[in-house]
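What follows is a set of notes on a single structure, which appears directly below.
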Amino acid sequence: MDWSVIAEYYPRLLEGSWMTLKLVILSSILGLILAIPMALARVSESLAWNGLPRLYIFFFRGTPLLIQIFLFYYGLSQFEIVRESALWPYLREPYWCAIIVLGLHTAAYVAEILRGALQAIPRGEVEACRVMGMTKPTMYRRILLPRAFGIMMPAYGNEVILMLKGSALASTITLLDLTGMARTIIARTYTPEEIYIAAGVLYLLISWLFMLFFKLLDRLFNRHQMV
Amino acid sequence: MNHWVKAGALAIGMAASTFAMAADKIKIATEGAWAPFNFVNEQGQLAGFDVDIANALCAKMKVECEIVGQDWDGMIPALKVRKFDAIVASMSITEERLRQVDFTDHYYSGGLRFMGPEGKELDTSKVGLKGKVIGAQRSTVGGMYLEDNLADVVDIKLYDTQEAVYLDLQAGRLDGAIADELPAYDWLNGDNGKGFEFKGEAFAKNDKIGIAIRKKDELKEKFNQALKEIRADGTYEKINAKYFPFSIY
């Protein structure tokens, strides 16, 4: 083992960690934005509303993330229409492709987590809202969604950490995230043990940060339950 | 008690014999994504110049060989931990690699060359490449060349396989790519390479491709001997002619 390679290459590993953080944070935000309307449609009992999100969730949960990344990155670009569209400056960049696919992927999971949380709200609380004479939109905005966020927080924190690990696949489309950077360094130094251990430690640190963050969020959303 | 001794002896005997069998068989790794040197054919088998050479060498050495596929950037680490015994995968003999493994004499020579879309000017001088997006396969001589010489002017994209580099060339994400001249020559002459051409002249032509083995492995001498034999008896020329109309030795 030659630990000096870590001393030599840690700035590049940190650069990779920053890229990984950006991927996870931006795709999580995108995923959450997409997931909320999807979950709301999904709890509706009419097929007209819940059909589309069901299909979407079925597709994104049922196929591997790697295949989704390849389909989006290499597949879409085979079509001339895509290459000539106004979106091409973004779709050309592996960075935006990765964020979009990771976001679409996590949206499916978050929508299901949120649906579960919405359905787990005790019936009595929903009835209380009705008794107060709230309209549906007010009820969701003021009571049900905040309540559901509180219920889903542990599961949601889990999902974000899964995304952190899923983001390693971005290295397959030339992005220099933490994994991509580690592989590029190893291509030169041939020290896979040392560099992968260092990358693993950095991943642990990042997920620890996320865990702390979600613990705080959990407290914030469930503060009414704290004794 | 006696039974146990017998069973134990039998088990050890069997283990020893499988060991001996394993020692006779040489495991050779190739990548399978570097046509025409190594690729997966329509039957799903590894084929190509490297595979033909490996088989010819094994025939000369009178040993049984098994050819296995391995991802390119894990090649040398896997050789070192004995997942296989030799790499016949168009690996250039470089100083950096020689610190990790030994190489046989070279079995062909190559060089690097830029390529890009037909009809689009690509000046391959350092000044001309400023701001261009150039792709290469990670952990190859071409990839290293970009990092060592052009990192400050070029946007470098590194791919897991050469096939992925071609895909992104076709997608128009790359202004150009740098690759070994011979496989690129093969791709440009095929259907997929339509619309693309070499840019500038070949360079880094002192590139020698050898067979990697573990340090101080006696296989090196055996391979070298077999290489001399296939060079002398015309087997090499025959294989060469199957893939290229000119000598690549």
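We name chains A, B, ... following the order of the structure tokens; residues begin at 1 in each chain, and ligands are numbered from 1 as shown.
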For chain B, which residues have at least one atom within 6 Å of chain A, if we go by only C-alpha atoms? Write them as an NGL selection string, please.
-> :B and (139 or 157-159 or 171 or 173)
Contact residues around B:Gly143 with only C-alpha atoms at 9 Å, ignoring same-chain residues under 3 positions, as a list in words = Gly135, Ala136, Gln137, Arg138, Ser139, Thr140, Leu146, Glu147, Asp148, Ile156, Lys157, Leu158, Ile178 and Ala179 of chain B
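With only C-alpha atoms as the basis for measurement, A:Leu104 is the residue among A:Ala48, A:Leu104, A:Ala168, A:Val24 that approaches A:Phe60 most closely.
Near A:Lys22, within 12 Å and counting only C-alpha atoms, sit Glu15, Gly16, Ser28, Ile29, Tyr95, Trp96, Ala98, Ile99, Leu102, Met163, Leu164, Ser167, Ala170, Leu175, Leu176, Asp177, Leu178 and Ile206 of chain A, not including residues fewer than 6 positions from it in the same chain.
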Write down as a count of residues only the residues of stretch 8-248 of chain B whose backbone DSSP state falls under strand (DSSP E or B).
-> 75
Return the single residue from B:Val154, B:Val51, B:Ile67, B:Ile28 that is closest to B:Phe84, with distances computed using only C-alpha atoms.
-> B:Ile28
In Å, rounded to a single decimal, give me how far atom CA of B:Leu79 is from atom CA of B:Ile209.
-> 16.8 Å
Of B:Ile239, B:Pro117, B:Ser247, B:Asn206, the one nearest to B:Ile93 when counting only C-alpha atoms is B:Asn206
